[in-house]
$ cat protein.cif   # mmCIF, C-alpha atoms
data_final
loop_
_atom_site.label_atom_id
_atom_site.label_comp_id
_atom_site.auth_asym_id
_atom_site.auth_seq_id
_atom_site.Cartn_x
_atom_site.Cartn_y
_atom_site.Cartn_z
CA MET D 92 4.86 20.60 83.08
CA THR D 93 6.02 19.45 86.51
CA HIS D 94 3.52 17.19 88.25
CA PRO D 95 3.05 17.41 92.02
CA LYS D 96 4.64 14.68 94.06
CA PRO D 97 2.14 12.14 95.42
CA VAL D 98 1.07 11.75 99.04
CA LEU D 99 2.16 8.51 100.71
CA VAL D 100 -0.92 7.07 102.45
CA LEU D 101 -0.09 4.39 105.01
CA GLN D 102 -2.98 2.27 106.21
CA LEU D 103 -3.20 -0.24 109.05
CA ARG D 104 -6.77 -1.54 108.83
CA PRO D 105 -7.06 -5.30 108.14
CA GLU D 106 -10.63 -5.06 106.83
CA ASP D 107 -11.00 -4.16 103.16
CA GLU D 108 -14.22 -2.21 103.65
CA THR D 109 -12.88 0.03 106.41
CA ALA D 110 -9.54 0.54 104.65
CA ASP D 111 -11.21 1.43 101.35
CA SER D 112 -13.66 3.77 103.09
CA GLU D 113 -10.82 5.51 104.92
CA LEU D 114 -8.83 5.99 101.71
CA ALA D 115 -11.88 7.34 99.89
CA ALA D 116 -12.37 9.90 102.68
CA ILE D 117 -8.70 10.96 102.57
CA LEU D 118 -9.02 11.48 98.82
CA ARG D 119 -12.34 13.32 99.10
CA TYR D 120 -11.51 15.70 101.92
CA GLY D 121 -7.87 16.07 101.00
CA GLY D 122 -8.84 17.14 97.51
CA LEU D 123 -6.75 14.36 95.98
CA GLU D 124 -7.14 12.18 92.91
CA PRO D 125 -6.32 8.46 93.18
CA SER D 126 -3.30 9.13 90.96
CA GLY D 127 -2.09 11.64 93.54
CA VAL D 128 -1.42 9.05 96.24
CA ARG D 129 0.64 5.97 96.75
CA ARG D 130 -1.22 3.65 99.07
CA ILE D 131 0.53 1.03 101.19
CA ARG D 132 -1.50 -1.25 103.44
CA LEU D 133 1.06 -2.12 106.08
CA GLU D 134 -1.06 -4.90 107.53
CA ARG D 135 -0.53 -6.69 104.21
CA THR D 136 3.03 -5.80 103.27
CA PRO D 137 6.06 -4.54 105.20
CA LEU D 138 7.22 -0.98 104.70
CA PRO D 139 9.65 -0.95 101.75
CA ASP D 140 13.31 -0.46 102.62
CA LEU D 141 13.89 3.25 103.24
CA ASP D 142 17.41 3.15 101.83
CA ARG D 143 16.75 1.25 98.61
CA GLU D 144 13.05 1.02 97.82
CA LEU D 145 11.19 3.99 99.33
CA ASP D 146 12.70 7.47 99.02
CA LEU D 147 10.86 10.18 100.95
CA ASP D 148 12.07 12.68 98.35
CA ASP D 149 9.60 11.08 95.94
CA PHE D 150 6.64 12.22 98.06
CA ALA D 151 5.10 15.51 99.11
CA ALA D 152 3.82 14.28 102.47
CA ILE D 153 2.71 11.25 104.49
CA VAL D 154 -0.77 10.59 105.88
CA VAL D 155 -1.33 7.72 108.34
CA GLY D 156 -4.79 6.42 109.14
CA GLY D 157 -6.30 4.56 112.06
CA SER D 158 -6.23 0.92 113.08
CA PRO D 159 -7.62 -1.59 115.61
CA PHE D 160 -4.15 -1.95 117.19
CA ASP D 161 -3.14 -0.31 120.49
CA VAL D 162 0.49 0.53 121.15
CA SER D 163 -0.17 0.33 124.90
CA THR D 164 -0.99 -3.39 124.68
CA PRO D 165 1.70 -5.34 126.60
CA ARG D 166 4.34 -6.57 124.19
CA GLU D 167 3.75 -10.23 125.01
CA GLN D 168 0.11 -9.81 123.97
CA LYS D 169 0.83 -8.16 120.63
CA SER D 170 0.58 -10.16 117.43
CA GLU D 171 3.57 -10.60 115.15
CA LEU D 172 1.78 -8.34 112.68
CA GLN D 173 1.45 -5.51 115.18
CA LEU D 174 5.07 -5.85 116.28
CA ARG D 175 6.22 -5.68 112.67
CA ILE D 176 4.08 -2.60 111.95
CA GLU D 177 5.45 -0.84 115.03
CA SER D 178 9.01 -1.69 113.97
CA ASP D 179 8.30 -0.28 110.50
CA PHE D 180 7.05 2.95 112.05
CA ARG D 181 10.06 3.38 114.29
CA GLN D 182 12.28 3.34 111.21
CA LEU D 183 9.98 5.69 109.31
CA LEU D 184 9.45 8.18 112.14
CA GLU D 185 13.17 8.45 112.75
CA ARG D 186 13.56 9.70 109.16
CA VAL D 187 10.46 11.90 109.34
CA LEU D 188 11.59 13.69 112.49
CA GLU D 189 15.19 14.04 111.35
CA ARG D 190 13.98 15.85 108.23
CA ASP D 191 10.89 17.52 109.67
CA PHE D 192 9.12 15.81 106.77
CA PRO D 193 5.42 16.65 106.27
CA PHE D 194 3.47 14.04 108.21
CA LEU D 195 -0.09 13.76 109.48
CA GLY D 196 -0.83 10.87 111.83
CA CYS D 197 -4.52 10.35 112.58
CA CYS D 198 -5.62 8.40 115.69
CA SER D 199 -3.29 5.37 115.50
CA GLY D 200 -0.80 7.58 113.69
CA CYS D 201 -0.93 9.88 116.71
CA GLY D 202 -0.30 7.00 119.13
CA LEU D 203 2.60 5.67 117.08
CA LEU D 204 4.22 9.11 116.94
CA GLY D 205 3.64 9.72 120.65
CA ASP D 206 5.09 6.33 121.51
CA PHE D 207 8.15 7.01 119.33
CA LEU D 208 8.63 10.27 121.24
CA GLN D 209 8.55 8.23 124.48
CA THR D 210 5.31 9.70 125.74
CA PRO D 211 3.24 7.40 127.99
CA ILE D 212 0.27 5.96 126.08
CA SER D 213 -2.58 4.41 128.05
CA GLY D 214 -6.35 4.08 128.31
CA ARG D 215 -6.56 6.95 130.79
CA TYR D 216 -7.99 9.31 128.18
CA ALA D 217 -9.88 6.82 126.01
CA GLU D 218 -12.97 8.27 124.34
CA PRO D 219 -16.12 6.54 123.12
CA VAL D 220 -16.97 6.35 119.44
CA GLY D 221 -18.85 9.42 118.27
CA GLY D 222 -18.72 13.18 118.01
CA ALA D 223 -16.95 15.59 120.34
CA THR D 224 -15.99 19.23 120.69
CA VAL D 225 -12.30 20.12 120.95
CA THR D 226 -10.67 23.46 121.78
CA LEU D 227 -7.84 25.13 119.90
CA THR D 228 -4.96 26.39 122.03
CA PRO D 229 -3.39 29.82 121.37
CA ALA D 230 -0.66 28.02 119.40
CA GLY D 231 -3.35 26.18 117.47
CA LEU D 232 -5.09 29.40 116.50
CA ASP D 233 -1.78 30.58 115.03
CA ASP D 234 -0.92 27.35 113.21
CA PRO D 235 -1.03 27.48 109.37
CA LEU D 236 -3.41 24.51 109.22
CA LEU D 237 -5.87 26.06 111.67
CA GLU D 238 -5.63 29.79 111.06
CA GLY D 239 -9.06 31.42 111.09
CA PHE D 240 -10.77 28.47 112.78
CA PRO D 241 -13.17 29.11 115.67
CA GLN D 242 -11.79 28.32 119.11
CA GLN D 243 -13.91 25.16 119.28
CA ILE D 244 -14.66 22.69 116.49
CA GLN D 245 -16.51 19.40 116.19
CA VAL D 246 -14.68 16.16 115.43
CA LEU D 247 -15.34 12.44 115.19
CA ARG D 248 -13.27 10.16 117.38
CA GLY D 249 -13.20 6.80 119.12
CA HIS D 250 -10.07 5.36 120.72
CA LYS D 251 -9.06 3.04 123.54
CA GLU D 252 -5.78 4.85 124.26
CA ALA D 253 -4.16 8.28 123.93
CA CYS D 254 -1.10 10.25 125.00
CA ASP D 255 -1.14 10.75 128.76
CA VAL D 256 0.87 13.96 128.37
CA LEU D 257 2.11 16.11 125.52
CA PRO D 258 5.29 14.67 123.98
CA ARG D 259 8.43 16.50 125.02
CA GLY D 260 9.29 19.23 122.55
CA ALA D 261 5.87 19.15 120.87
CA THR D 262 3.42 22.05 120.56
CA LEU D 263 -0.16 21.43 121.71
CA LEU D 264 -2.66 22.64 119.09
CA MET D 265 -5.99 21.19 120.29
CA THR D 266 -7.25 19.88 123.61
CA SER D 267 -10.39 18.79 125.48
CA ASP D 268 -11.34 17.88 129.02
CA ALA D 269 -11.91 14.24 128.08
CA CYS D 270 -8.59 13.90 126.21
CA PRO D 271 -6.06 16.70 126.78
CA VAL D 272 -3.78 15.84 123.82
CA GLN D 273 -6.07 16.09 120.79
CA MET D 274 -3.60 17.53 118.28
CA PHE D 275 0.07 18.42 118.40
CA ARG D 276 2.90 19.46 116.12
CA VAL D 277 6.58 18.55 116.24
CA GLY D 278 8.92 20.93 114.46
CA HIS D 279 7.17 22.77 111.66
CA ASN D 280 5.69 19.97 109.57
CA VAL D 281 4.98 16.86 111.68
CA TYR D 282 1.37 16.73 112.90
CA ALA D 283 -0.77 14.27 114.83
CA THR D 284 -4.48 14.25 115.67
CA GLN D 285 -6.16 11.94 118.16
CA PHE D 286 -9.43 12.44 116.26
CA HIS D 287 -10.09 11.58 112.61
CA PRO D 288 -9.88 14.65 110.34
CA GLU D 289 -10.88 12.52 107.35
CA ALA D 290 -13.99 11.13 109.04
CA ASP D 291 -17.59 11.73 108.10
CA PRO D 292 -20.75 10.05 109.40
CA GLU D 293 -20.88 7.59 106.50
CA GLY D 294 -17.32 6.44 107.12
CA PHE D 295 -17.91 6.14 110.84
CA VAL D 296 -20.95 3.93 110.24
CA VAL D 297 -18.69 1.56 108.29
CA ARG D 298 -16.22 1.51 111.20
CA ILE D 299 -18.90 1.04 113.86
CA GLN D 300 -20.24 -1.97 112.01
CA ALA D 301 -16.75 -3.41 111.47
CA TYR D 302 -15.48 -2.88 115.03
CA ARG D 303 -18.55 -3.71 117.11
CA HIS D 304 -16.64 -6.63 118.67
CA HIS D 305 -13.26 -4.88 119.10
CA GLY D 306 -13.84 -3.40 122.56
CA TYR D 307 -14.58 0.20 121.58
CA PHE D 308 -18.18 -0.18 122.74
CA ALA D 309 -20.65 -2.87 123.74
CA PRO D 310 -21.93 -4.61 120.59
CA GLU D 311 -25.53 -3.86 121.47
CA GLU D 312 -24.72 -0.11 121.41
CA ALA D 313 -23.88 -0.09 117.70
CA ASP D 314 -27.28 1.06 116.46
CA ALA D 315 -27.41 3.93 118.96
CA LEU D 316 -23.90 5.03 118.00
CA ILE D 317 -24.82 5.00 114.32
CA ALA D 318 -27.85 7.17 115.08
CA ALA D 319 -25.72 9.58 117.11
CA VAL D 320 -23.09 10.17 114.41
CA THR D 321 -25.61 10.48 111.57
CA GLY D 322 -25.64 14.11 110.47
CA PHE D 323 -22.79 15.13 112.79
CA GLU D 324 -20.91 17.94 111.02
CA THR D 325 -17.10 18.04 111.14
CA ALA D 326 -16.36 20.54 108.38
CA HIS D 327 -13.44 22.19 110.19
CA ALA D 328 -11.74 18.87 110.87
CA GLN D 329 -11.99 18.03 107.18
CA GLU D 330 -10.71 21.49 106.28
CA LEU D 331 -7.63 20.71 108.38
CA LEU D 332 -6.92 17.73 106.11
CA ARG D 333 -7.54 19.80 102.98
CA ARG D 334 -5.12 22.47 104.18
CA PHE D 335 -2.46 19.90 105.04
CA VAL D 336 -2.59 18.52 101.52
CA ALA D 337 -2.75 21.96 99.90
CA ARG D 338 0.20 23.22 101.92
CA TYR D 339 2.54 20.42 100.94
CA VAL D 340 1.22 19.23 97.59
CA GLY D 341 0.23 22.63 96.25
#

$ encode --input "protein.cif" --output "structure tokens"
Amino acid sequence: MTHPKPVLVLQLRPEDETADSELAAILRYGGLEPSGVRRIRLERTPLPDLDRELDLDDFAAIVVGGSPFDVSTPREQKSELQLRIESDFRQLLERVLERDFPFLGCCSGCGLLGDFLQTPISGRYAEPVGGATVTLTPAGLDDPLLEGFPQQIQVLRGHKEACDVLPRGATLLMTSDACPVQMFRVGHNVYATQFHPEADPEGFVVRIQAYRHHGYFAPEEADALIAAVTGFETAHAQELLRRFVARYVG
């Protein structure tokens, strides 16, 4: 019996609780077992050498989670850790785009991909932590990951930066007034979402508590934000993640 190839899950969150919560959500809503992923926490260890240690042919797809880092931060203000992570991603994304390798970048993964594609990233379209409604474009309604979705779905998001414009050559799949580039695709298999398809209210509570002093919101707003996300339904966003995994893992 041939076993499916695992999904490579790349994480960038320095806090154990938020990283573990994020991974658990990716497993839950992606329909994956722990044995079906290889997890690398890039804030702890550099990306293995792509020529000798990490062969993309060994994986079905890549999923990248969120982080407290902003690619739009001036270079001289970035930590050595952030600079190393960004360097790792430049090497990885070059291979991913060359091969049109299945990739789903969520929030920070979206910013890293947009930056690699030389799209301006700034705080112009930052969004507060919480729930939002996004709209599928005509191309989105025809995309294999979104086929049959309603024209508008609910998502959880919270970010201090976003793509100012759609990357050149990309296809816009979801948009909103507050943040025009909510989801895009490059080629046939490389996807990015500005929102968190893996998120649920429980996971967002963990993040709100962890990041109350990271500039996403005023610390005294944390309790109100927790109340606002409690019970917020994002079933279609989670279905997007399930379909991504099902399409490439089988």

$ closest_residue --input "protein.cif" --among "D:His287, D:Arg135, D:Arg166, D:Arg298" --to "Leu195 (chain D)" --atoms "all atoms listed in the file"
D:His287

$ resolve_selection --input "protein.cif" --expression "the PyMOL selection byres ((chain D and resi 223-225) around 6)" --output "ChimeraX atom specification"
/D:222,226,243-246,266-267

$ closest_residue --input "protein.cif" --among "D:Thr321, D:Thr164, D:Gln300, D:Asn280" --to "Leu247 (chain D)" --atoms "only C-alpha atoms"
D:Thr321

$ resolve_selection --input "protein.cif" --expression "the PyMOL selection byres ((chain D and resi 215) around 10)" --output "list in words"
Ile212, Ser213, Gly214, Tyr216, Ala217, Glu218, Lys251, Glu252, Ala253, Cys254, Asp255, Ala269 and Cys270 of chain D

$ resolve_selection --input "protein.cif" --expression "the PyMOL selection byres ((chain D and resi 288) around 10)" --output "JSON, numbers by chain"
{"D": [116, 117, 120, 121, 156, 195, 196, 197, 198, 246, 247, 248, 284, 285, 286, 287, 289, 290, 291, 325, 326, 327, 328, 329, 330, 331, 332, 333]}

$ closest_residue --input "protein.cif" --among "D:Thr262, D:Ser126, D:Ser178, D:Thr109" --to "Pro95 (chain D)" --atoms "all atoms listed in the file"
D:Ser126

$ residues_near_point --input "protein.cif" --point "(-15.9, 3.4, 121.4)" --cutoff "7 Å" --atoms "only C-alpha atoms" --output "tab-separated table (two decimals) with C-alpha atoms, in the frame of the given file"
chain	number	residue	atom	x	y	z
D	218	GLU	CA	-12.97	8.27	124.34
D	219	PRO	CA	-16.12	6.54	123.12
D	220	VAL	CA	-16.97	6.35	119.44
D	249	GLY	CA	-13.20	6.80	119.12
D	250	HIS	CA	-10.07	5.36	120.72
D	307	TYR	CA	-14.58	0.20	121.58
D	308	PHE	CA	-18.18	-0.18	122.74

$ closest_residue --input "protein.cif" --among "D:Glu185, D:Asp268, D:Glu312, D:Glu177" --to "Asp161 (chain D)" --atoms "all atoms listed in the file"
D:Glu177

$ atom_distance --input "protein.cif" --atom1 "CA of Phe207 (chain D)" --atom2 "CA of Phe180 (chain D)"
8.4 Å

$ closest_residue --input "protein.cif" --among "D:Pro235, D:Gly122, D:Gly260, D:Gly306" --to "Leu188 (chain D)" --atoms "all atoms listed in the file"
D:Gly260

$ closest_residue --input "protein.cif" --among "D:Gly157, D:Pro105, D:Pro165, D:Gly239" --to "Thr136 (chain D)" --atoms "all atoms listed in the file"
D:Pro105

$ atom_distance --input "protein.cif" --atom1 "CA of Val154 (chain D)" --atom2 "CA of Val296 (chain D)"
21.7 Å

$ residues_around --input "protein.cif" --residues "Gly341 (chain D)" --least-positions-apart "5" --cutoff "12 Å" --atoms "only C-alpha atoms" --output "VMD selection string"
chain D and resid 93 to 98 121 to 123 127 151 to 152 333 to 336

$ residues_near_point --input "protein.cif" --point "(-15.0, -3.1, 111.9)" --cutoff "10 Å" --atoms "all atoms listed in the file" --output "JSON list (two decimals) with C-alpha atoms, in the coordinates of the input"
[["chain", "number", "residue", "atom", "x", "y", "z"],
["D", 104, "ARG", "CA", -6.77, -1.54, 108.83],
["D", 105, "PRO", "CA", -7.06, -5.30, 108.14],
["D", 106, "GLU", "CA", -10.63, -5.06, 106.83],
["D", 107, "ASP", "CA", -11.00, -4.16, 103.16],
["D", 108, "GLU", "CA", -14.22, -2.21, 103.65],
["D", 109, "THR", "CA", -12.88, 0.03, 106.41],
["D", 110, "ALA", "CA", -9.54, 0.54, 104.65],
["D", 158, "SER", "CA", -6.23, 0.92, 113.08],
["D", 159, "PRO", "CA", -7.62, -1.59, 115.61],
["D", 295, "PHE", "CA", -17.91, 6.14, 110.84],
["D", 296, "VAL", "CA", -20.95, 3.93, 110.24],
["D", 297, "VAL", "CA", -18.69, 1.56, 108.29],
["D", 298, "ARG", "CA", -16.22, 1.51, 111.20],
["D", 299, "ILE", "CA", -18.90, 1.04, 113.86],
["D", 300, "GLN", "CA", -20.24, -1.97, 112.01],
["D", 301, "ALA", "CA", -16.75, -3.41, 111.47],
["D", 302, "TYR", "CA", -15.48, -2.88, 115.03],
["D", 303, "ARG", "CA", -18.55, -3.71, 117.11],
["D", 304, "HIS", "CA", -16.64, -6.63, 118.67],
["D", 305, "HIS", "CA", -13.26, -4.88, 119.10]]

$ atom_distance --input "protein.cif" --atom1 "CA of Leu264 (chain D)" --atom2 "CA of Val162 (chain D)"
22.4 Å
